[in-house]
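Report on the structure given below.
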Amino acid sequence: MSPMVIFSGAAVLAMALAAFGSAYSQGRTGAAAMESIRKKPESAAKVRTTMMLALVFMEALTLFVFAIVFVLAGRVTPDIAVFTAVAVVSMAAAALGSALSQGRAAVAAMESSWREPEESGDTRTSMMLGLVFMEALTLFVFAIVFVLTGSVDSSRVLFGSAAVAAMALAAIGSAVAQGRTTQAAMQATWKQPAAAGHTRTSMMLALVFMEALTLFVFAIVFVLNGRATTPAANLFGAAAVAAMAVAALGSALSQGRTGVAAMEATWRQPEAAGDIRTSMMLALVFMEALTLFVFAIIFVLSGMVT
Amino acid sequence: MPFWLLAAHGGEGAGAAARDVFFTIPVVGLKVTSIQTTMWGIMLVVLVVAWLGTRRLERVPRTRFQAFLELTVDGFETFFASIIGRENARAFLPFLGSLFIFILLSNYSGLLPGAGHVPGLTAPTSNWGVTAGLASVVFVTVQYVGIKRRGLRYFKHMVDPWFLAPLLLPLGIIEEFVRPFALSLRLVANIFGGETVVLAVLMAVPWFLPVVPLLLEVLFGAIQAFIFTFLTAIYLATAVAEEH
Amino acid sequence: MEFTTNELIWSVINFVVFFLLLRRFLYRPVLSLLDARKAEVEKSLEAAERARQEAEASRAEYERRLAEARTEAQNLVSRAQASAEKTKTEILDQASRQAEEMIERARKAIASEKERALNEVRQELAELAVLAASKVIERSLDVEEHRGLVNDLVKKLPEDTRPADTPG
């Protein structure tokens, strides 16, 4: 099979996946916006602005996949055909994860818009913040694909493919956790409009931790990329990034639960928002540490593998 | 920067300019690189601004400049007071405030045109050594403040209750060391990752699309400086807090 | 993303220097200024509060005095009214008393005048009667017989023309 056939097949699959994710979430967002306008026709203009912003973010995700397909198409060689194929599909998977989570957050934002029209500004700001974080996850996968494309050769295809797939898995994990947390924050915004500021700060801090998990995978890929020069290091690198991805996924899902619970606690007990936030942060630090242990062990071991 | 430079730096991308050594300080053998010059530049700017602003402090602020500095300091105090109480906030304000400014400007220095590729300009926080240094300072400060304020009682949480001490002590010690590790890695991974994203998008699609990651970086640079300082404040407050 | 000890050492040195200088040139002066201003504001607020309280106190004092003066004046007026009333009553009483006395006196004078007049009339009448009778009977009676005759006559007179104290 010619390398271009492999790549093209993967590329169309990737584009389809990404487009599906964006379209599905945009559809849900649009429907939620319609419902919101039906229930509170007087705030239609505000709902429309919020909806447009959300749709733009989801649209951009597919554009990023398109961009990476475009870039890689000019660089496909027989040596790295497999890598390019895995890379575009990984990119699409990350975009899909981001899109679905953004959809979840946007739908909740639409509900919040009609339940508490007075606070639609707060709702929109919090939603934007959440979407930005989820957007960034796909961008990190984009960056890693880009960087690896410059350095992967025939001897490092295994590592490179594992690395982009690992990044995608970690990004999906982070996206799921961030999506749920943002959704809970949206609900907290209309259930307790007075504590909207507190909710947003706590949400942002939680999202930062979930974002960091994907970035730890990013970092380990970078470190290993500089060291994966031998077949043994290539194999080790592939295993290591896979391990990191699994660890990050686990941490992310736990952090997601903590984030959701913290948001609920904040609207039920707004006066304890500060305490809840500090406790949440300490808990998130512990879950993050679990992934960091894997990071540390890989970092140490990679120096020994030759 | 042309595409091939990425590969030329062994795929390291942004931050590779840190390897350009300008000169080595004799005897101690410390090398001065772009990262050091950037840090010095940031320090110089901030200190000159602070010096100019506080040279003639007036009881009634006559200049917007003085009002700006006062607002900054007062804003820091109010913010930290909301996390760790007014007393702690006052005591740790210079440390936390300096940390925030240092990290924020270090993060933003990576957004300047040519950062990471022009000699003398590399975002310090995109290097793990730098963030590890900052995290070490935090680690030492937390231990020092804890022991100074509470003496041996500072270690009580690691051996209380006593029959769980064999389990709690190693966990407590590991936790103390995981904190700076996490602090440094979270910061560097974010800043470095962000820079790489900007670079990658810039090279893939030079028009319009790079605005997205650039704006993202403006937000994330501030958020990361914020969370580093926020966590440091919590660690300091926990270290000095008497039994909960 | 590299881990270099060189950068670690540099960043520790740089940050510590940065922190010490910034504390010296930014935080300490600005914080002490803010504290001084806070103290000053508190002081002036306190002074304003004290001035307000003083003003309040003197106003209360003034109002108290005013009320006192007003009561005083009221008292004076009512006292004057009372005494005027009393004097008026006294004068009226006196006047009516005098009037009554005068009437009484007049009445007594009239009564005694009437008595005297009646007595005189009676005397006249008795003498006239004696005269007339002696003339009629042409006999001379002694005075004692006359008197008895007159007294009988008088007793036959109607009640109201009888003298109050008929001698003998």
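Ordered as shown in the structure tokens, chains take letters A, B, and onward, while each chain numbers its residues from 1 and ligands are numbered from 1 in the order shown.
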Residues of chain A within 6 Å of chain B, counting only C-alpha atoms, as an MDAnalysis selection string: chainID A and resid 143 146 150:151 212 215 219
Chain A residues near chain C (12 Å cut-off, only C-alpha atoms) as a PyMOL selection string: chain A and resi 215-216+218-227+299
Contacts of stretch 68-174 of chain B with stretch 33-42 of chain C up to 10 Å, shortest pair per row, only C-alpha atoms, as CSV:
```
residue,atom,partner,partner_atom,distance
B:Glu70,CA,C:Leu34,CA,7.7
B:Val73,CA,C:Leu34,CA,9.3
B:Asp74,CA,C:Leu34,CA,8.2
```
Proximal residues of chain C relative to chain B (only C-alpha atoms; 12 Å) as an MDAnalysis selection string: chainID C and resid 1:41
Just N, CA and C atoms for this one: save the residues we selected as a CSV table (one decimal), in the first residue's frame.
```csv
chain,number,residue,atom,x,y,z
C,1,MET,N,12.0,22.2,26.7
C,1,MET,CA,11.8,21.9,28.1
C,1,MET,C,13.0,21.1,28.6
C,2,GLU,N,13.9,21.8,29.3
C,2,GLU,CA,15.0,21.0,29.8
C,2,GLU,C,15.2,21.2,31.3
C,3,PHE,N,15.9,20.3,31.9
C,3,PHE,CA,16.2,20.5,33.3
C,3,PHE,C,17.7,20.7,33.4
C,4,THR,N,18.0,22.0,33.7
C,4,THR,CA,19.4,22.3,33.8
C,4,THR,C,19.7,22.9,35.2
C,5,THR,N,20.7,22.3,35.9
C,5,THR,CA,21.0,22.8,37.2
C,5,THR,C,21.5,24.2,37.2
C,6,ASN,N,22.2,24.6,36.1
C,6,ASN,CA,22.6,25.9,35.9
C,6,ASN,C,21.4,26.9,36.1
C,7,GLU,N,20.3,26.6,35.4
C,7,GLU,CA,19.2,27.5,35.5
C,7,GLU,C,18.5,27.5,36.8
C,8,LEU,N,18.6,26.3,37.5
C,8,LEU,CA,18.0,26.2,38.8
C,8,LEU,C,18.7,27.1,39.8
C,9,ILE,N,20.0,27.0,39.8
C,9,ILE,CA,20.8,27.9,40.7
C,9,ILE,C,20.6,29.4,40.4
C,10,TRP,N,20.6,29.7,39.1
C,10,TRP,CA,20.4,31.1,38.7
C,10,TRP,C,19.0,31.6,39.2
C,11,SER,N,18.0,30.8,39.0
C,11,SER,CA,16.7,31.3,39.3
C,11,SER,C,16.5,31.5,40.8
C,12,VAL,N,17.2,30.6,41.6
C,12,VAL,CA,17.1,30.8,43.0
C,12,VAL,C,17.8,32.1,43.4
C,13,ILE,N,19.0,32.3,42.9
C,13,ILE,CA,19.7,33.5,43.2
C,13,ILE,C,18.9,34.8,42.8
C,14,ASN,N,18.4,34.7,41.5
C,14,ASN,CA,17.7,35.8,41.0
C,14,ASN,C,16.5,36.1,41.8
C,15,PHE,N,15.7,35.1,42.1
C,15,PHE,CA,14.5,35.3,42.8
C,15,PHE,C,14.7,35.9,44.2
C,16,VAL,N,15.7,35.3,44.9
C,16,VAL,CA,15.9,35.8,46.2
C,16,VAL,C,16.3,37.3,46.2
C,17,VAL,N,17.2,37.6,45.2
C,17,VAL,CA,17.6,39.0,45.1
C,17,VAL,C,16.4,39.9,44.8
C,18,PHE,N,15.6,39.4,43.8
C,18,PHE,CA,14.4,40.2,43.4
C,18,PHE,C,13.5,40.4,44.6
C,19,PHE,N,13.3,39.3,45.3
C,19,PHE,CA,12.4,39.4,46.5
C,19,PHE,C,12.9,40.4,47.5
C,20,LEU,N,14.2,40.3,47.8
C,20,LEU,CA,14.7,41.3,48.8
C,20,LEU,C,14.6,42.7,48.4
C,21,LEU,N,15.0,42.9,47.1
C,21,LEU,CA,15.0,44.3,46.6
C,21,LEU,C,13.6,44.9,46.5
C,22,LEU,N,12.7,44.0,46.0
C,22,LEU,CA,11.3,44.4,45.9
C,22,LEU,C,10.6,44.7,47.2
C,23,ARG,N,11.0,43.9,48.2
C,23,ARG,CA,10.5,44.1,49.6
C,23,ARG,C,11.0,45.5,50.1
C,24,ARG,N,12.3,45.8,49.8
C,24,ARG,CA,12.9,47.0,50.3
C,24,ARG,C,12.3,48.2,49.5
C,25,PHE,N,12.1,48.1,48.2
C,25,PHE,CA,11.7,49.3,47.4
C,25,PHE,C,10.2,49.4,47.1
C,26,LEU,N,9.5,48.3,47.2
C,26,LEU,CA,8.1,48.4,46.9
C,26,LEU,C,7.2,48.1,48.1
C,27,TYR,N,7.3,46.9,48.6
C,27,TYR,CA,6.3,46.5,49.6
C,27,TYR,C,6.4,47.3,50.9
C,28,ARG,N,7.6,47.4,51.4
C,28,ARG,CA,7.7,48.0,52.7
C,28,ARG,C,7.2,49.5,52.7
C,29,PRO,N,7.8,50.3,51.7
C,29,PRO,CA,7.3,51.7,51.6
C,29,PRO,C,5.8,51.8,51.4
C,30,VAL,N,5.3,51.0,50.4
C,30,VAL,CA,3.9,51.2,50.1
C,30,VAL,C,3.0,50.7,51.2
C,31,LEU,N,3.4,49.6,51.8
C,31,LEU,CA,2.6,49.1,52.9
C,31,LEU,C,2.6,50.1,54.1
C,32,SER,N,3.8,50.6,54.4
C,32,SER,CA,3.8,51.6,55.6
C,32,SER,C,3.0,52.8,55.2
C,33,LEU,N,3.1,53.2,54.0
C,33,LEU,CA,2.3,54.4,53.5
C,33,LEU,C,0.8,54.1,53.7
C,34,LEU,N,0.4,52.9,53.2
C,34,LEU,CA,-1.0,52.5,53.3
C,34,LEU,C,-1.4,52.4,54.8
C,35,ASP,N,-0.6,51.9,55.6
C,35,ASP,CA,-0.9,51.8,57.0
C,35,ASP,C,-1.0,53.2,57.6
C,36,ALA,N,-0.1,54.1,57.3
C,36,ALA,CA,-0.1,55.4,57.8
C,36,ALA,C,-1.4,56.1,57.4
C,37,ARG,N,-1.7,55.9,56.1
C,37,ARG,CA,-2.9,56.6,55.6
C,37,ARG,C,-4.2,56.0,56.3
C,38,LYS,N,-4.1,54.7,56.5
C,38,LYS,CA,-5.3,54.1,57.2
C,38,LYS,C,-5.4,54.7,58.6
C,39,ALA,N,-4.3,54.8,59.3
C,39,ALA,CA,-4.3,55.3,60.6
C,39,ALA,C,-4.8,56.7,60.6
C,40,GLU,N,-4.4,57.5,59.6
C,40,GLU,CA,-4.8,58.9,59.5
C,40,GLU,C,-6.3,59.0,59.3
C,41,VAL,N,-6.7,58.2,58.3
C,41,VAL,CA,-8.1,58.2,58.0
C,41,VAL,C,-8.9,57.8,59.2
```
Near-A:Ser161 list (12 Å; only C-alpha atoms; drop same-chain fewer than 4 positions) as a count of residues only: 35
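Pairwise distance (atom CA of A:Arg28, atom CA of A:Gly103) equals 6.7 Å.
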For C:Ala129: contacts at 12 Å, only C-alpha atoms, fewer than 3 positions along chain excluded, given as a list in words: Val121, Arg122, Gln123, Glu124, Leu125, Ala126, Ala132, Ala133, Ser134, Lys135, Val136, Ile137, His146, Arg147, Leu149, Val150, Asn151, Leu153 and Val154 of chain C
